[in-house]
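Data block below; observations after.
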Amino acid sequence: MTNEQIERAARIIAAALVHGTTTDPAYEAARLLDEQGLLAAAPADPFEAPGRNRPAASPAAVAALADCRRAKKIADDAQSLVTDLPGAPEVEAAGGEVKFVVHPRSLADWKQWLDRLGIGDARGRSTGAAMVVHCTYLGVRARLVGYGVPAMYSERNAAVYGRGVRS
């Protein structure tokens with residue numbers, strides 16, 4: 001604002017305070033300044049303001065975005081590839097990882113999933129209700145979650161080793 005604009009704005013504010021017709025003199029002053037074109041609109045993008053530079057994306061952020069896009073594409077493509085497998089599969093991508101959630105009816109069904117994803121002899125982690133196996137699927141981090149699998153392994157072990165605790 002130039003010196004002349006400052007003086008003009010001061011006169012408008014004084015008039016609003018002394019002769020304003022509303023009960024809110026600050027609002028009255030702001031309205032009058034706006035009508036006279038003395039209020040500057042804020043830029044839509046804060047980095048458009050003079051002296052503000054948009055930071056460059058970090059290499060880690062660029063890599064994470066690429067991982068997320070790749071995982072999303074693979075998850076979308078995998079939907080059609082796994083519909084013939086047992087266990088009502090759900091496939092989704094989040095955080096650069098593809099997640100397969102299945103409900104196999106038998107250990108043979110579970111083995112089909114392990115074979116299809118190329119997991120082989122990877123060890124899973126039991127969460128009580130589900131078995132979670134981390135792997136790589138088509139070059140992307142993946143997770144296979146099989147609900148009911150720990151119970152099926154327990155039943156199989158009980159049948160093989162007997163119901164009692166071995167000493």
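Residues in the structure tokens are named by chain (A, B, ... in the order shown) and by number from 1 within that chain; ligands are numbered from 1 in the order shown.
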Would you tabulate, counting only C-alpha atoms, all residues of range 57-113 of chain A that have an atom at most 8 Å from an atom of range 137-140 of chain A, showing the closest pair of atoms and their distance in Å to one decimal, sorted by chain then ascending number, as CSV?
```
residue,atom,partner,partner_atom,distance
A:Asp67,CA,A:Val140,CA,7.6
A:Arg70,CA,A:Val140,CA,7.4
A:Ala71,CA,A:Val140,CA,6.2
A:Ile74,CA,A:Leu138,CA,7.7
A:Gly96,CA,A:Val140,CA,7.5
A:Glu97,CA,A:Val140,CA,6.5
A:Val98,CA,A:Val140,CA,7.2
```
May I have the selected residues written with C-alpha atoms, as a compact mmCIF listing (two decimals), in the first residue's frame?
```
# COMPACT_ATOMS: atom_id res chain seq x y z
CA ASP A 67 5.08 -47.70 -4.41
CA ARG A 70 2.25 -49.72 -8.21
CA ALA A 71 0.52 -51.56 -5.33
CA ILE A 74 -1.34 -54.74 -8.90
CA GLY A 96 2.38 -49.37 -0.91
CA GLU A 97 1.34 -52.89 0.08
CA VAL A 98 -1.17 -55.30 -1.45
```
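Relative to CA of Ala75 in chain A, CA of His134 in chain A is found at 15.2 Å.
The shortest atom-to-atom distance to Pro89 in chain A, with only C-alpha atoms taken into account, belongs to A:Leu144 out of A:Met131, A:Leu144, A:Leu114, A:Ala60.
For the pair CA of Gly148 in chain A and CA of His103 in chain A, the separation is 6.7 Å.
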Among the residues of range 1-165 of chain A, find those DSSP assigns to alpha helix (DSSP H) from the backbone and print them as a PyMOL selection string. chain A and resi 3-19+25-35+59-81+107-116+149-161
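Within 9 Å of Val101 in chain A, once only C-alpha atoms are used and residues closer than 3 positions along the same chain are dropped, the contacting residues are Gly87, Ala88, Pro89, Glu90, Val91, Glu92, Arg143, Leu144, Val145, Gly146 and Tyr147 of chain A.
For the pair CA of Leu17 in chain A and CA of Leu39 in chain A, the interatomic distance is 17.6 Å.
Around Ile6 in chain A, within 12 Å and counting only C-alpha atoms, the residues found are A:Ile12, A:Ile13, A:Leu33, A:Leu38, A:Leu39, once anything fewer than 6 positions away on its own chain is removed.
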Mind dumping the selected residues with C-alpha atoms as an mmCIF file, in the first residue's frame?
```cif
data_model
loop_
_atom_site.group_PDB
_atom_site.id
_atom_site.type_symbol
_atom_site.label_atom_id
_atom_site.label_comp_id
_atom_site.auth_asym_id
_atom_site.auth_seq_id
_atom_site.Cartn_x
_atom_site.Cartn_y
_atom_site.Cartn_z
ATOM 1 C CA ILE A 12 -12.487 5.172 5.932
ATOM 2 C CA ILE A 13 -11.803 3.452 9.272
ATOM 3 C CA LEU A 33 -12.383 -0.909 2.911
ATOM 4 C CA LEU A 38 -8.293 -1.525 -0.301
ATOM 5 C CA LEU A 39 -8.417 -5.116 0.990
#
```
Residue contacts of Arg116 in chain A (9 Å, only C-alpha atoms) excluding same-chain residues fewer than 5 positions away, as a ChimeraX atom specification: /A:82,85,111
Taking the chain letters and numbering used in this document, name the residues of range 3-166 of chain A that DSSP puts in strand (DSSP E or B), as a compact mmCIF listing (two decimals) with N, CA, C and O atoms, in the first residue's frame.
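The result, written out as result_20.txt:
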```txt
# COMPACT_ATOMS: atom_id res chain seq x y z
N GLU A 90 -10.62 -60.92 -0.74
CA GLU A 90 -10.73 -59.46 -0.81
C GLU A 90 -9.31 -58.96 -1.04
O GLU A 90 -8.39 -59.34 -0.33
N VAL A 91 -9.14 -58.11 -2.04
CA VAL A 91 -7.81 -57.59 -2.37
C VAL A 91 -7.87 -56.07 -2.31
O VAL A 91 -8.77 -55.45 -2.87
N GLU A 92 -6.90 -55.49 -1.61
CA GLU A 92 -6.84 -54.03 -1.52
C GLU A 92 -5.39 -53.60 -1.41
O GLU A 92 -4.51 -54.41 -1.12
N ALA A 93 -5.16 -52.33 -1.66
CA ALA A 93 -3.82 -51.77 -1.55
C ALA A 93 -3.86 -50.59 -0.59
O ALA A 93 -4.79 -49.79 -0.63
N ALA A 94 -2.85 -50.51 0.25
CA ALA A 94 -2.71 -49.38 1.17
C ALA A 94 -1.26 -49.28 1.59
O ALA A 94 -0.62 -50.31 1.86
N GLU A 97 1.40 -51.45 -0.15
CA GLU A 97 1.34 -52.89 0.08
C GLU A 97 0.01 -53.44 -0.42
O GLU A 97 -1.02 -52.79 -0.27
N VAL A 98 0.06 -54.63 -1.02
CA VAL A 98 -1.17 -55.30 -1.45
C VAL A 98 -1.56 -56.27 -0.34
O VAL A 98 -0.72 -57.01 0.17
N LYS A 99 -2.84 -56.23 0.03
CA LYS A 99 -3.32 -57.12 1.09
C LYS A 99 -4.39 -58.04 0.52
O LYS A 99 -5.35 -57.58 -0.08
N PHE A 100 -4.17 -59.34 0.70
CA PHE A 100 -5.14 -60.36 0.31
C PHE A 100 -5.76 -60.90 1.59
O PHE A 100 -5.05 -61.43 2.45
N VAL A 101 -7.06 -60.77 1.73
CA VAL A 101 -7.77 -61.29 2.91
C VAL A 101 -8.65 -62.43 2.43
O VAL A 101 -9.48 -62.25 1.53
N VAL A 102 -8.44 -63.62 3.02
CA VAL A 102 -9.17 -64.80 2.58
C VAL A 102 -9.74 -65.55 3.79
O VAL A 102 -9.28 -65.38 4.91
N ARG A 125 2.60 -65.54 10.78
CA ARG A 125 2.46 -65.13 12.19
C ARG A 125 0.98 -65.23 12.53
O ARG A 125 0.14 -64.67 11.84
N SER A 126 0.70 -65.94 13.60
CA SER A 126 -0.69 -66.10 14.03
C SER A 126 -1.10 -64.93 14.91
O SER A 126 -0.38 -64.53 15.82
N ALA A 130 -6.34 -65.20 12.84
CA ALA A 130 -5.87 -65.23 11.45
C ALA A 130 -4.38 -65.53 11.41
O ALA A 130 -3.65 -65.30 12.37
N MET A 131 -3.96 -66.02 10.24
CA MET A 131 -2.54 -66.23 9.96
C MET A 131 -2.14 -65.12 8.98
O MET A 131 -2.84 -64.90 7.98
N VAL A 132 -1.06 -64.42 9.27
CA VAL A 132 -0.58 -63.33 8.43
C VAL A 132 0.79 -63.72 7.88
O VAL A 132 1.69 -64.04 8.65
N VAL A 133 0.90 -63.70 6.56
CA VAL A 133 2.16 -64.03 5.90
C VAL A 133 2.57 -62.82 5.07
O VAL A 133 1.81 -62.36 4.21
N HIS A 134 3.77 -62.31 5.32
CA HIS A 134 4.32 -61.19 4.54
C HIS A 134 5.17 -61.76 3.42
O HIS A 134 5.92 -62.72 3.64
N CYS A 135 5.04 -61.18 2.24
CA CYS A 135 5.78 -61.69 1.08
C CYS A 135 5.92 -60.57 0.06
O CYS A 135 5.55 -59.42 0.32
N THR A 136 6.45 -60.93 -1.11
CA THR A 136 6.52 -60.01 -2.23
C THR A 136 5.71 -60.63 -3.35
O THR A 136 5.86 -61.81 -3.67
N TYR A 137 4.82 -59.84 -3.94
CA TYR A 137 3.97 -60.32 -5.03
C TYR A 137 4.16 -59.38 -6.22
O TYR A 137 3.89 -58.18 -6.10
N VAL A 140 6.02 -56.20 -5.39
CA VAL A 140 5.44 -55.27 -4.41
C VAL A 140 5.27 -56.00 -3.08
O VAL A 140 4.95 -57.19 -3.06
N ARG A 141 5.46 -55.27 -1.99
CA ARG A 141 5.20 -55.87 -0.68
C ARG A 141 3.76 -56.33 -0.62
O ARG A 141 2.85 -55.64 -1.10
N ALA A 142 3.55 -57.50 -0.05
CA ALA A 142 2.19 -58.04 0.04
C ALA A 142 2.00 -58.73 1.38
O ALA A 142 2.97 -59.07 2.06
N ARG A 143 0.74 -58.89 1.72
CA ARG A 143 0.38 -59.55 2.97
C ARG A 143 -0.81 -60.44 2.68
O ARG A 143 -1.82 -59.99 2.12
N LEU A 144 -0.70 -61.71 3.05
CA LEU A 144 -1.79 -62.66 2.92
C LEU A 144 -2.35 -62.90 4.32
O LEU A 144 -1.61 -63.31 5.22
N VAL A 145 -3.64 -62.63 4.50
CA VAL A 145 -4.29 -62.80 5.80
C VAL A 145 -5.34 -63.88 5.63
O VAL A 145 -6.29 -63.72 4.86
N GLY A 146 -5.13 -64.99 6.34
CA GLY A 146 -6.07 -66.11 6.24
C GLY A 146 -6.82 -66.28 7.55
O GLY A 146 -6.24 -66.74 8.54
N TYR A 147 -8.09 -65.91 7.56
CA TYR A 147 -8.91 -66.06 8.77
C TYR A 147 -9.28 -67.52 8.97
O TYR A 147 -9.67 -68.20 8.02
```
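Nearest to Val149 in chain A of all the residues A:Gly162, A:Ala30, A:Leu107, A:Thr127 is A:Leu107, counting only C-alpha atoms.
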